[in-house]
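A.B. asks: To start, I am sharing the structure in question, which I have written as structure tokens.
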Amino acid sequence: MRVDIVSVFPEYFAPLDLSLIGKARSSGVLSINVHDLRDWTHDVHRTVDDTPYGGGPGMVMRPGPWGDALDQLGGTLIVPSPAGVPFTQKMAHSLAAEAHLTFACGRYEGIDQRVVEEFGGLEVSLGDYVLFGGEVAVLVMLEAITRLLPGVLGNADSLADESHAHGLLEAPMYTKPFEWRGHTVPDVLVSGHHGKIARWRRDQSLLRTAARRPDLLAALDPATLDKRDIALLREAGLPVPGEGVAEW
Ligand code: ADE
């Protein structure tokens with residue numbers, strides 16, 4: 001996969017040389033090129049922003065340098081923005097299937113909207129909070145996308161059960177020692193009974209998701225729930241997806 005990143009702070013992307021992203025780059029699975037937006041300015045001050053039409057605080061990024069940069073780079077345009085559609089694991093999967101992604105990092109009050117329109121960009125938000133700019137959001141998205149590329153994770157099985165793989169949060173995990181500061185590991189995990197362990201993990205996933213992310217539980221396809229799932233949720237007094245509250 002080819003990735004281009006355009007920013008006024010290219011130094012933000014130094015961590016992309018590290019760890020598994022760095023390895024994916026040196027192995028050739030991933031090619032990342034970081035560009036300074038100011039390289040596409042033509043004035044002596046290398047100006048990238050101007051005051052907003054209609055007034056208001058802050059500055060807006062001028063369309064000119066962005067247009068020239070994106071004409072040259074091409075690729076599917078992704079623009080991090082708190083006003084974007086939510087970034088999800090599902091979106092990470094679909095972006096991982098692209099051959100060429102270009103990320104445009106806005107600063108200040110954002111980029112002139114005509115740039116997104118001209119290049120058919122997708123505005124994507126990490127969550128309901130505001131960052132200084134898109135740089136950190138790009139690091140987050142790239143990490144989520146890179147680990148889905150074929151050959152990047154040593155053990156592809158770890159993708160199968162992780163949080164969000166099936167619309168549920170992952171069960172808690174434990175390692176040795178069996179007892180630590182008086183806390184022991186749940187007995188079922190040392191029982192050697194694979195069926196019981198799988199069932200226990202499934203129960204934990206459901207209960208955790210219900211407690212922490214009721215929105216995810218409610219969005220589950222009822223067809224993915226077995227009898228024991230439904231009994232568990234009922235016993236815990238939790239809403240069962242697909243069983244609407246009776247109307248009267
Ligand atoms: N830029 C500023 N805030 C952001 C957010 N929440 N998500 C993505 N990009 C952003």
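A note on labels: chains of the structure tokens are A, B, ... as shown, every chain counts residues from 1, and ligands are counted from 1 in their shown order.
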Dump the neighbourhood of ligand 1 as a count of residues only: all residues within 10 Å, distances computed on only C-alpha atoms and all ligand atoms.
C.D. replies: 33
A.B. asks: Just want the 12 Å neighbourhood of Gly64 in chain A, counted on only C-alpha atoms, with same-chain residues fewer than 2 positions away dropped. Output as number ranges by chain.
C.D. replies: A: 37-43, 46-50, 60-62, 66-71, 111-115, 118
A.B. asks: DSSP on the backbone, then: every residue of range 29-177 of chain A marked helix (DSSP H, G or I), written as JSON, numbers by chain.
C.D. replies: {"A": [37, 38, 39, 40, 63, 64, 65, 66, 67, 68, 69, 70, 71, 72, 73, 89, 90, 91, 92, 93, 94, 95, 96, 113, 114, 115, 116, 117, 118, 119, 135, 136, 137, 138, 139, 140, 141, 142, 143, 144, 145, 146, 156, 157, 158, 159]}
A.B. asks: What does the structure give for the distance between CA of Ser7 in chain A and CA of Leu142 in chain A, in Å to one decimal?
C.D. replies: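 Separating CA of Ser7 in chain A from CA of Leu142 in chain A is a distance of 14.8 Å.
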A.B. asks: In Å, rounded to a single decimal, give me how far CA of His166 in chain A is from CA of Leu30 in chain A.
C.D. replies: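 Between CA of Leu30 in chain A and CA of His166 in chain A the gap works out to 26.5 Å.
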A.B. asks: Which residue, A:Gly22, A:Gly167, A:Pro63, A:Gly75, has the smallest gap to Val116 in chain A when you use only C-alpha atoms?
C.D. replies: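 The answer is A:Pro63, which sits nearest to Val116 in chain A.
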A.B. asks: Which residues are close to His93 in chain A, i.e. within 7 Å by only C-alpha atoms, leaving aside same-chain residues fewer than 4 positions away? Reply as an NGL selection string.
C.D. replies: :A and (89 or 97 or 145 or 148)
A.B. asks: CA of Leu77 in chain A to CA of Leu101 in chain A: how many Å, to one decimal?
C.D. replies: 6.2 Å
